[in-house]
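Undergrad: What follows is work.cif, made up of mmCIF, N, CA and C atoms:
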```
data_input
#
loop_
_atom_site.label_atom_id
_atom_site.label_comp_id
_atom_site.auth_asym_id
_atom_site.auth_seq_id
_atom_site.Cartn_x
_atom_site.Cartn_y
_atom_site.Cartn_z
N MET V 233 9.49 -39.19 33.93
CA MET V 233 9.02 -40.42 34.53
C MET V 233 9.02 -41.50 33.46
N ARG V 234 9.36 -42.72 33.85
CA ARG V 234 9.39 -43.86 32.94
C ARG V 234 8.53 -44.98 33.53
N ILE V 235 7.75 -45.61 32.67
CA ILE V 235 6.86 -46.69 33.08
C ILE V 235 7.33 -47.98 32.43
N ASN V 236 7.43 -49.03 33.22
CA ASN V 236 7.90 -50.33 32.73
C ASN V 236 6.70 -51.15 32.23
N CYS V 237 6.44 -51.08 30.93
CA CYS V 237 5.33 -51.82 30.33
C CYS V 237 5.66 -53.32 30.35
N PRO V 238 4.71 -54.18 30.73
CA PRO V 238 4.98 -55.63 30.76
C PRO V 238 5.35 -56.21 29.39
N PHE V 239 4.92 -55.56 28.30
CA PHE V 239 5.21 -56.07 26.96
C PHE V 239 6.37 -55.35 26.28
N CYS V 240 6.45 -54.04 26.46
CA CYS V 240 7.42 -53.23 25.71
C CYS V 240 8.67 -52.86 26.50
N GLY V 241 8.66 -53.11 27.80
CA GLY V 241 9.79 -52.71 28.62
C GLY V 241 9.64 -51.27 29.09
N GLU V 242 10.72 -50.72 29.60
CA GLU V 242 10.69 -49.37 30.16
C GLU V 242 10.53 -48.34 29.04
N ARG V 243 9.53 -47.47 29.20
CA ARG V 243 9.22 -46.46 28.19
C ARG V 243 9.00 -45.11 28.85
N ASP V 244 9.18 -44.05 28.06
CA ASP V 244 8.98 -42.69 28.52
C ASP V 244 7.49 -42.40 28.73
N LEU V 245 7.20 -41.52 29.65
CA LEU V 245 5.84 -41.13 29.98
C LEU V 245 5.07 -40.64 28.75
N SER V 246 5.74 -40.04 27.78
CA SER V 246 5.07 -39.48 26.61
C SER V 246 4.34 -40.54 25.77
N GLU V 247 4.64 -41.82 25.96
CA GLU V 247 3.96 -42.89 25.22
C GLU V 247 2.62 -43.29 25.86
N PHE V 248 2.33 -42.78 27.05
CA PHE V 248 1.17 -43.21 27.83
C PHE V 248 0.16 -42.08 28.00
N SER V 249 -1.08 -42.48 28.23
CA SER V 249 -2.15 -41.53 28.57
C SER V 249 -2.69 -41.88 29.94
N TYR V 250 -2.77 -40.88 30.82
CA TYR V 250 -3.30 -41.06 32.16
C TYR V 250 -4.81 -41.00 32.11
N LEU V 251 -5.48 -41.98 32.73
CA LEU V 251 -6.93 -42.02 32.66
C LEU V 251 -7.62 -41.92 34.02
N GLY V 252 -6.87 -41.79 35.11
CA GLY V 252 -7.50 -41.58 36.41
C GLY V 252 -7.23 -42.68 37.41
N ASP V 253 -8.03 -42.64 38.46
CA ASP V 253 -7.93 -43.56 39.59
C ASP V 253 -8.28 -44.98 39.15
N ALA V 254 -7.40 -45.93 39.38
CA ALA V 254 -7.64 -47.32 38.98
C ALA V 254 -8.68 -48.00 39.86
N ASP V 255 -8.94 -47.45 41.03
CA ASP V 255 -9.89 -48.07 41.96
C ASP V 255 -11.23 -47.35 42.01
N SER V 256 -11.44 -46.39 41.14
CA SER V 256 -12.65 -45.59 41.16
C SER V 256 -13.83 -46.34 40.58
N ALA V 257 -14.94 -46.21 41.23
CA ALA V 257 -16.19 -46.79 40.72
C ALA V 257 -17.13 -45.65 40.34
N LYS V 258 -16.57 -44.52 39.97
CA LYS V 258 -17.34 -43.32 39.64
C LYS V 258 -18.26 -43.58 38.44
N ALA V 259 -19.48 -43.11 38.56
CA ALA V 259 -20.45 -43.31 37.48
C ALA V 259 -20.13 -42.43 36.28
N ILE V 260 -20.46 -42.90 35.11
CA ILE V 260 -20.29 -42.13 33.88
C ILE V 260 -21.50 -41.21 33.75
N ALA V 261 -21.26 -40.01 33.25
CA ALA V 261 -22.34 -39.04 33.09
C ALA V 261 -23.40 -39.57 32.12
N SER V 262 -24.65 -39.33 32.45
CA SER V 262 -25.74 -39.75 31.57
C SER V 262 -26.78 -38.63 31.48
N ALA V 263 -27.63 -38.70 30.48
CA ALA V 263 -28.65 -37.68 30.26
C ALA V 263 -29.67 -37.62 31.40
N ALA V 264 -29.83 -38.72 32.14
CA ALA V 264 -30.80 -38.76 33.23
C ALA V 264 -30.33 -37.98 34.46
N GLN V 265 -29.06 -37.64 34.52
CA GLN V 265 -28.53 -36.92 35.68
C GLN V 265 -28.76 -35.42 35.52
N SER V 266 -28.71 -34.73 36.67
CA SER V 266 -28.81 -33.27 36.63
C SER V 266 -27.51 -32.72 36.04
N GLU V 267 -27.54 -31.47 35.67
CA GLU V 267 -26.34 -30.84 35.10
C GLU V 267 -25.18 -30.89 36.10
N ARG V 268 -25.47 -30.63 37.37
CA ARG V 268 -24.43 -30.65 38.41
C ARG V 268 -23.82 -32.04 38.54
N GLU V 269 -24.65 -33.10 38.50
CA GLU V 269 -24.15 -34.48 38.59
C GLU V 269 -23.30 -34.84 37.38
N GLN V 270 -23.67 -34.36 36.20
CA GLN V 270 -22.88 -34.62 35.00
C GLN V 270 -21.51 -33.95 35.09
N ILE V 271 -21.49 -32.71 35.54
CA ILE V 271 -20.22 -31.98 35.69
C ILE V 271 -19.32 -32.69 36.69
N ASP V 272 -19.89 -33.11 37.82
CA ASP V 272 -19.11 -33.84 38.83
C ASP V 272 -18.54 -35.14 38.29
N ALA V 273 -19.35 -35.90 37.54
CA ALA V 273 -18.92 -37.20 37.02
C ALA V 273 -17.79 -37.05 35.99
N VAL V 274 -17.81 -35.97 35.23
CA VAL V 274 -16.82 -35.79 34.17
C VAL V 274 -15.55 -35.10 34.67
N TYR V 275 -15.70 -34.06 35.51
CA TYR V 275 -14.56 -33.20 35.81
C TYR V 275 -13.94 -33.32 37.19
N LEU V 276 -14.69 -33.76 38.19
CA LEU V 276 -14.15 -33.77 39.55
C LEU V 276 -13.41 -35.07 39.83
N ARG V 277 -12.16 -34.94 40.23
CA ARG V 277 -11.34 -36.09 40.57
C ARG V 277 -10.55 -35.77 41.84
N ALA V 278 -10.24 -36.82 42.58
CA ALA V 278 -9.38 -36.65 43.75
C ALA V 278 -7.95 -36.38 43.28
N ASN V 279 -7.21 -35.65 44.06
CA ASN V 279 -5.81 -35.36 43.75
C ASN V 279 -4.98 -35.78 44.97
N PRO V 280 -4.82 -37.09 45.19
CA PRO V 280 -4.17 -37.56 46.42
C PRO V 280 -2.66 -37.27 46.42
N ALA V 281 -2.13 -37.07 47.60
CA ALA V 281 -0.69 -36.94 47.77
C ALA V 281 -0.21 -38.21 48.44
N GLY V 282 0.68 -38.93 47.77
CA GLY V 282 1.18 -40.18 48.31
C GLY V 282 0.97 -41.33 47.35
N VAL V 283 1.00 -42.54 47.88
CA VAL V 283 0.88 -43.74 47.06
C VAL V 283 -0.55 -43.85 46.53
N HIS V 284 -0.66 -44.10 45.24
CA HIS V 284 -1.95 -44.09 44.56
C HIS V 284 -1.92 -45.06 43.38
N ARG V 285 -3.05 -45.77 43.15
CA ARG V 285 -3.15 -46.68 41.99
C ARG V 285 -3.85 -45.95 40.86
N GLU V 286 -3.19 -45.91 39.70
CA GLU V 286 -3.71 -45.16 38.56
C GLU V 286 -3.87 -46.06 37.35
N LEU V 287 -4.78 -45.66 36.47
CA LEU V 287 -5.00 -46.37 35.22
C LEU V 287 -4.31 -45.60 34.10
N TRP V 288 -3.44 -46.29 33.37
CA TRP V 288 -2.70 -45.70 32.25
C TRP V 288 -2.92 -46.54 31.00
N TYR V 289 -2.91 -45.89 29.84
CA TYR V 289 -3.08 -46.55 28.56
C TYR V 289 -1.80 -46.36 27.75
N HIS V 290 -1.22 -47.45 27.24
CA HIS V 290 0.00 -47.35 26.45
C HIS V 290 -0.38 -47.01 25.00
N ALA V 291 -0.72 -45.75 24.80
CA ALA V 291 -1.27 -45.27 23.53
C ALA V 291 -0.29 -45.38 22.37
N PHE V 292 0.96 -45.06 22.59
CA PHE V 292 1.95 -45.08 21.51
C PHE V 292 2.88 -46.28 21.68
N GLY V 293 2.29 -47.39 22.03
CA GLY V 293 3.02 -48.64 22.22
C GLY V 293 2.10 -49.79 21.90
N CYS V 294 1.99 -50.72 22.83
CA CYS V 294 1.24 -51.96 22.60
C CYS V 294 -0.26 -51.83 22.80
N GLY V 295 -0.74 -50.69 23.31
CA GLY V 295 -2.18 -50.50 23.52
C GLY V 295 -2.71 -51.16 24.78
N SER V 296 -1.86 -51.50 25.70
CA SER V 296 -2.28 -52.15 26.95
C SER V 296 -2.82 -51.13 27.95
N TRP V 297 -3.79 -51.59 28.75
CA TRP V 297 -4.27 -50.83 29.90
C TRP V 297 -3.49 -51.31 31.11
N LEU V 298 -2.90 -50.38 31.84
CA LEU V 298 -2.02 -50.73 32.95
C LEU V 298 -2.49 -50.07 34.25
N ASN V 299 -2.34 -50.80 35.34
CA ASN V 299 -2.50 -50.23 36.67
C ASN V 299 -1.10 -49.92 37.18
N VAL V 300 -0.88 -48.66 37.48
CA VAL V 300 0.43 -48.20 37.95
C VAL V 300 0.27 -47.72 39.38
N THR V 301 1.04 -48.29 40.30
CA THR V 301 1.04 -47.84 41.69
C THR V 301 2.26 -46.94 41.85
N ARG V 302 2.02 -45.67 42.17
CA ARG V 302 3.13 -44.72 42.29
C ARG V 302 2.85 -43.71 43.38
N ASP V 303 3.93 -43.08 43.81
CA ASP V 303 3.83 -42.00 44.79
C ASP V 303 3.68 -40.70 44.00
N THR V 304 2.56 -40.02 44.17
CA THR V 304 2.30 -38.81 43.40
C THR V 304 3.20 -37.63 43.80
N ARG V 305 3.86 -37.74 44.95
CA ARG V 305 4.77 -36.67 45.37
C ARG V 305 6.14 -36.81 44.73
N THR V 306 6.63 -38.04 44.59
CA THR V 306 7.99 -38.27 44.08
C THR V 306 8.00 -38.90 42.69
N HIS V 307 6.87 -39.39 42.22
CA HIS V 307 6.72 -40.11 40.95
C HIS V 307 7.42 -41.46 40.95
N GLU V 308 7.81 -41.94 42.13
CA GLU V 308 8.40 -43.28 42.22
C GLU V 308 7.32 -44.31 41.93
N ILE V 309 7.63 -45.25 41.03
CA ILE V 309 6.68 -46.29 40.67
C ILE V 309 7.02 -47.56 41.44
N PHE V 310 6.00 -48.11 42.11
CA PHE V 310 6.17 -49.30 42.93
C PHE V 310 5.75 -50.57 42.21
N ALA V 311 4.74 -50.47 41.34
CA ALA V 311 4.25 -51.66 40.63
C ALA V 311 3.55 -51.24 39.34
N VAL V 312 3.67 -52.11 38.34
CA VAL V 312 2.94 -51.95 37.08
C VAL V 312 2.39 -53.32 36.72
N GLN V 313 1.08 -53.38 36.45
CA GLN V 313 0.48 -54.65 36.05
C GLN V 313 -0.62 -54.38 35.03
N LEU V 314 -0.90 -55.38 34.22
CA LEU V 314 -2.00 -55.26 33.27
C LEU V 314 -3.29 -55.08 34.06
N SER V 315 -4.18 -54.25 33.61
CA SER V 315 -5.38 -54.00 34.41
C SER V 315 -6.26 -55.23 34.50
N ARG V 316 -6.21 -56.16 33.57
CA ARG V 316 -7.00 -57.40 33.71
C ARG V 316 -6.47 -58.32 34.79
N GLU V 317 -5.23 -58.09 35.24
CA GLU V 317 -4.64 -58.87 36.32
C GLU V 317 -4.78 -58.19 37.65
N ARG V 318 -5.58 -57.16 37.72
CA ARG V 318 -5.74 -56.33 38.92
C ARG V 318 -6.23 -57.14 40.09
N THR V 319 -5.62 -56.88 41.23
CA THR V 319 -6.08 -57.49 42.48
C THR V 319 -6.71 -56.39 43.32
N PRO V 320 -7.86 -56.63 43.92
CA PRO V 320 -8.54 -55.59 44.70
C PRO V 320 -7.76 -55.19 45.94
#
```
Written as structure tokens, that's how I'd like the structure from this file.
TA:
Amino acid sequence: MRINCPFCGERDLSEFSYLGDADSAKAIASAAQSEREQIDAVYLRANPAGVHRELWYHAFGCGSWLNVTRDTRTHEIFAVQLSRERTP
């Protein structure tokens, strides 16, 4: 899979780190939560089949945070934008 970074151009997937759902408002684990709530906040994620907006970090490139809209079944990428330019 190749991601078209707005600054660096098209790059191989190995330059990026996947960080999860770009639209998630999931709470971060805290000491005030029960053990079960902490485990859920850290480890449980949806695994959708189809078009999905994801947050990626260009770790071995420009360091940009990107929202990537792609089909998780085919890995076809429909859009890439800087996460600060995100539209709800």
Undergrad: Expressed in Å to a single decimal, how great is the separation between atom N of V:Phe310 and atom CA of V:Arg285?
TA: 9.3 Å
Undergrad: Rounded to one decimal, what separation in Å do you get between atom CA of V:Arg243 and atom C of V:Arg277?
TA: 26.3 Å
Undergrad: If we count only C-alpha atoms and set the cut-off at 10 Å, which residues sit around stretch 289-298 of chain V, ignoring sequence neighbours fewer than 4 positions away in its own chain? Please answer as a short mmCIF file (atom, residue, chain, number, x, y, z; two decimals) with N, CA and C atoms, in the coordinates of the input.
TA:
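Printed below is part-v8.cif as written:
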```cif
data_model
loop_
_atom_site.label_atom_id
_atom_site.label_comp_id
_atom_site.auth_asym_id
_atom_site.auth_seq_id
_atom_site.Cartn_x
_atom_site.Cartn_y
_atom_site.Cartn_z
N ILE V 235 7.75 -45.61 32.67
CA ILE V 235 6.86 -46.69 33.08
C ILE V 235 7.33 -47.98 32.43
N ASN V 236 7.43 -49.03 33.22
CA ASN V 236 7.90 -50.33 32.73
C ASN V 236 6.70 -51.15 32.23
N CYS V 237 6.44 -51.08 30.93
CA CYS V 237 5.33 -51.82 30.33
C CYS V 237 5.66 -53.32 30.35
N PRO V 238 4.71 -54.18 30.73
CA PRO V 238 4.98 -55.63 30.76
C PRO V 238 5.35 -56.21 29.39
N PHE V 239 4.92 -55.56 28.30
CA PHE V 239 5.21 -56.07 26.96
C PHE V 239 6.37 -55.35 26.28
N CYS V 240 6.45 -54.04 26.46
CA CYS V 240 7.42 -53.23 25.71
C CYS V 240 8.67 -52.86 26.50
N ARG V 243 9.53 -47.47 29.20
CA ARG V 243 9.22 -46.46 28.19
C ARG V 243 9.00 -45.11 28.85
N LEU V 245 7.20 -41.52 29.65
CA LEU V 245 5.84 -41.13 29.98
C LEU V 245 5.07 -40.64 28.75
N SER V 246 5.74 -40.04 27.78
CA SER V 246 5.07 -39.48 26.61
C SER V 246 4.34 -40.54 25.77
N GLU V 247 4.64 -41.82 25.96
CA GLU V 247 3.96 -42.89 25.22
C GLU V 247 2.62 -43.29 25.86
N PHE V 248 2.33 -42.78 27.05
CA PHE V 248 1.17 -43.21 27.83
C PHE V 248 0.16 -42.08 28.00
N SER V 249 -1.08 -42.48 28.23
CA SER V 249 -2.15 -41.53 28.57
C SER V 249 -2.69 -41.88 29.94
N TYR V 250 -2.77 -40.88 30.82
CA TYR V 250 -3.30 -41.06 32.16
C TYR V 250 -4.81 -41.00 32.11
N LEU V 251 -5.48 -41.98 32.73
CA LEU V 251 -6.93 -42.02 32.66
C LEU V 251 -7.62 -41.92 34.02
N ALA V 254 -7.40 -45.93 39.38
CA ALA V 254 -7.64 -47.32 38.98
C ALA V 254 -8.68 -48.00 39.86
N ARG V 285 -3.05 -45.77 43.15
CA ARG V 285 -3.15 -46.68 41.99
C ARG V 285 -3.85 -45.95 40.86
N ALA V 311 4.74 -50.47 41.34
CA ALA V 311 4.25 -51.66 40.63
C ALA V 311 3.55 -51.24 39.34
N VAL V 312 3.67 -52.11 38.34
CA VAL V 312 2.94 -51.95 37.08
C VAL V 312 2.39 -53.32 36.72
N GLN V 313 1.08 -53.38 36.45
CA GLN V 313 0.48 -54.65 36.05
C GLN V 313 -0.62 -54.38 35.03
N LEU V 314 -0.90 -55.38 34.22
CA LEU V 314 -2.00 -55.26 33.27
C LEU V 314 -3.29 -55.08 34.06
N SER V 315 -4.18 -54.25 33.61
CA SER V 315 -5.38 -54.00 34.41
C SER V 315 -6.26 -55.23 34.50
N ARG V 316 -6.21 -56.16 33.57
CA ARG V 316 -7.00 -57.40 33.71
C ARG V 316 -6.47 -58.32 34.79
N GLU V 317 -5.23 -58.09 35.24
CA GLU V 317 -4.64 -58.87 36.32
C GLU V 317 -4.78 -58.19 37.65
N ARG V 318 -5.58 -57.16 37.72
CA ARG V 318 -5.74 -56.33 38.92
C ARG V 318 -6.23 -57.14 40.09
#
```
Undergrad: Between atom CA of V:Glu286 and atom CA of V:Asp255, what distance in Å does the model show, to one decimal?
TA: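 If I compute the distance from atom CA of V:Glu286 to atom CA of V:Asp255, I get 7.6 Å.
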Undergrad: Report as a list in words all protein, DNA and RNA residues lying within 8 Å of V:Thr306, evaluated on only N, CA and C atoms, omitting residues in the same chain fewer than 3 positions from it.
TA: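 What passes the distance filter is Ala281, Gly282, Val283, Arg302, Asp303 and Ile309 of chain V.
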Undergrad: Go through V:Glu242, V:Arg234, V:Ala273, V:Ala264 and flag the residue nearest V:His307, using only N, CA and C atoms for the distances.
TA: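 Closest to V:His307 of all the choices is V:Arg234.
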Undergrad: Write down as an NGL selection string the residues of stretch 263-312 of chain V whose backbone DSSP state falls under strand (DSSP E).
TA: :V and (283-289 or 297-303 or 309-312)
Undergrad: How about saving the chosen residues, N, CA and C atoms kept, as a PDB file, keeping the file's coordinate frame?
TA:
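Okay, selection07.pdb is ready:
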```
ATOM      1  N   VAL V 283       1.000 -42.540  47.880  1.00  0.00           N
ATOM      2  CA  VAL V 283       0.880 -43.740  47.060  1.00  0.00           C
ATOM      3  C   VAL V 283      -0.550 -43.850  46.530  1.00  0.00           C
ATOM      4  N   HIS V 284      -0.660 -44.100  45.240  1.00  0.00           N
ATOM      5  CA  HIS V 284      -1.950 -44.090  44.560  1.00  0.00           C
ATOM      6  C   HIS V 284      -1.920 -45.060  43.380  1.00  0.00           C
ATOM      7  N   ARG V 285      -3.050 -45.770  43.150  1.00  0.00           N
ATOM      8  CA  ARG V 285      -3.150 -46.680  41.990  1.00  0.00           C
ATOM      9  C   ARG V 285      -3.850 -45.950  40.860  1.00  0.00           C
ATOM     10  N   GLU V 286      -3.190 -45.910  39.700  1.00  0.00           N
ATOM     11  CA  GLU V 286      -3.710 -45.160  38.560  1.00  0.00           C
ATOM     12  C   GLU V 286      -3.870 -46.060  37.350  1.00  0.00           C
ATOM     13  N   LEU V 287      -4.780 -45.660  36.470  1.00  0.00           N
ATOM     14  CA  LEU V 287      -5.000 -46.370  35.220  1.00  0.00           C
ATOM     15  C   LEU V 287      -4.310 -45.600  34.100  1.00  0.00           C
ATOM     16  N   TRP V 288      -3.440 -46.290  33.370  1.00  0.00           N
ATOM     17  CA  TRP V 288      -2.700 -45.700  32.250  1.00  0.00           C
ATOM     18  C   TRP V 288      -2.920 -46.540  31.000  1.00  0.00           C
ATOM     19  N   TYR V 289      -2.910 -45.890  29.840  1.00  0.00           N
ATOM     20  CA  TYR V 289      -3.080 -46.550  28.560  1.00  0.00           C
ATOM     21  C   TYR V 289      -1.800 -46.360  27.750  1.00  0.00           C
ATOM     22  N   TRP V 297      -3.790 -51.590  28.750  1.00  0.00           N
ATOM     23  CA  TRP V 297      -4.270 -50.830  29.900  1.00  0.00           C
ATOM     24  C   TRP V 297      -3.490 -51.310  31.110  1.00  0.00           C
ATOM     25  N   LEU V 298      -2.900 -50.380  31.840  1.00  0.00           N
ATOM     26  CA  LEU V 298      -2.020 -50.730  32.950  1.00  0.00           C
ATOM     27  C   LEU V 298      -2.490 -50.070  34.250  1.00  0.00           C
ATOM     28  N   ASN V 299      -2.340 -50.800  35.340  1.00  0.00           N
ATOM     29  CA  ASN V 299      -2.500 -50.230  36.670  1.00  0.00           C
ATOM     30  C   ASN V 299      -1.100 -49.920  37.180  1.00  0.00           C
ATOM     31  N   VAL V 300      -0.880 -48.660  37.480  1.00  0.00           N
ATOM     32  CA  VAL V 300       0.430 -48.200  37.950  1.00  0.00           C
ATOM     33  C   VAL V 300       0.270 -47.720  39.380  1.00  0.00           C
ATOM     34  N   THR V 301       1.040 -48.290  40.300  1.00  0.00           N
ATOM     35  CA  THR V 301       1.040 -47.840  41.690  1.00  0.00           C
ATOM     36  C   THR V 301       2.260 -46.940  41.850  1.00  0.00           C
ATOM     37  N   ARG V 302       2.020 -45.670  42.170  1.00  0.00           N
ATOM     38  CA  ARG V 302       3.130 -44.720  42.290  1.00  0.00           C
ATOM     39  C   ARG V 302       2.850 -43.710  43.380  1.00  0.00           C
ATOM     40  N   ASP V 303       3.930 -43.080  43.810  1.00  0.00           N
ATOM     41  CA  ASP V 303       3.830 -42.000  44.790  1.00  0.00           C
ATOM     42  C   ASP V 303       3.680 -40.700  44.000  1.00  0.00           C
ATOM     43  N   ILE V 309       7.630 -45.250  41.030  1.00  0.00           N
ATOM     44  CA  ILE V 309       6.680 -46.290  40.670  1.00  0.00           C
ATOM     45  C   ILE V 309       7.020 -47.560  41.440  1.00  0.00           C
ATOM     46  N   PHE V 310       6.000 -48.110  42.110  1.00  0.00           N
ATOM     47  CA  PHE V 310       6.170 -49.300  42.930  1.00  0.00           C
ATOM     48  C   PHE V 310       5.750 -50.570  42.210  1.00  0.00           C
ATOM     49  N   ALA V 311       4.740 -50.470  41.340  1.00  0.00           N
ATOM     50  CA  ALA V 311       4.250 -51.660  40.630  1.00  0.00           C
ATOM     51  C   ALA V 311       3.550 -51.240  39.340  1.00  0.00           C
ATOM     52  N   VAL V 312       3.670 -52.110  38.340  1.00  0.00           N
ATOM     53  CA  VAL V 312       2.940 -51.950  37.080  1.00  0.00           C
ATOM     54  C   VAL V 312       2.390 -53.320  36.720  1.00  0.00           C
TER      55      VAL V 312
END
```
Undergrad: If you run DSSP on this backbone, which residues of chain V come out as helix (DSSP H, G or I), and could you give them as a ChimeraX atom specification?
TA: /V:245-247,267-275,315-317
Undergrad: Please determine, counting only N, CA and C atoms, which residue among V:Gln265, V:His284, V:Met233, V:Ala278 has the shortest atom-to-atom distance to V:Thr301.
TA: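 Between V:Gln265, V:His284, V:Met233, V:Ala278, the residue approaching V:Thr301 most closely is V:His284.
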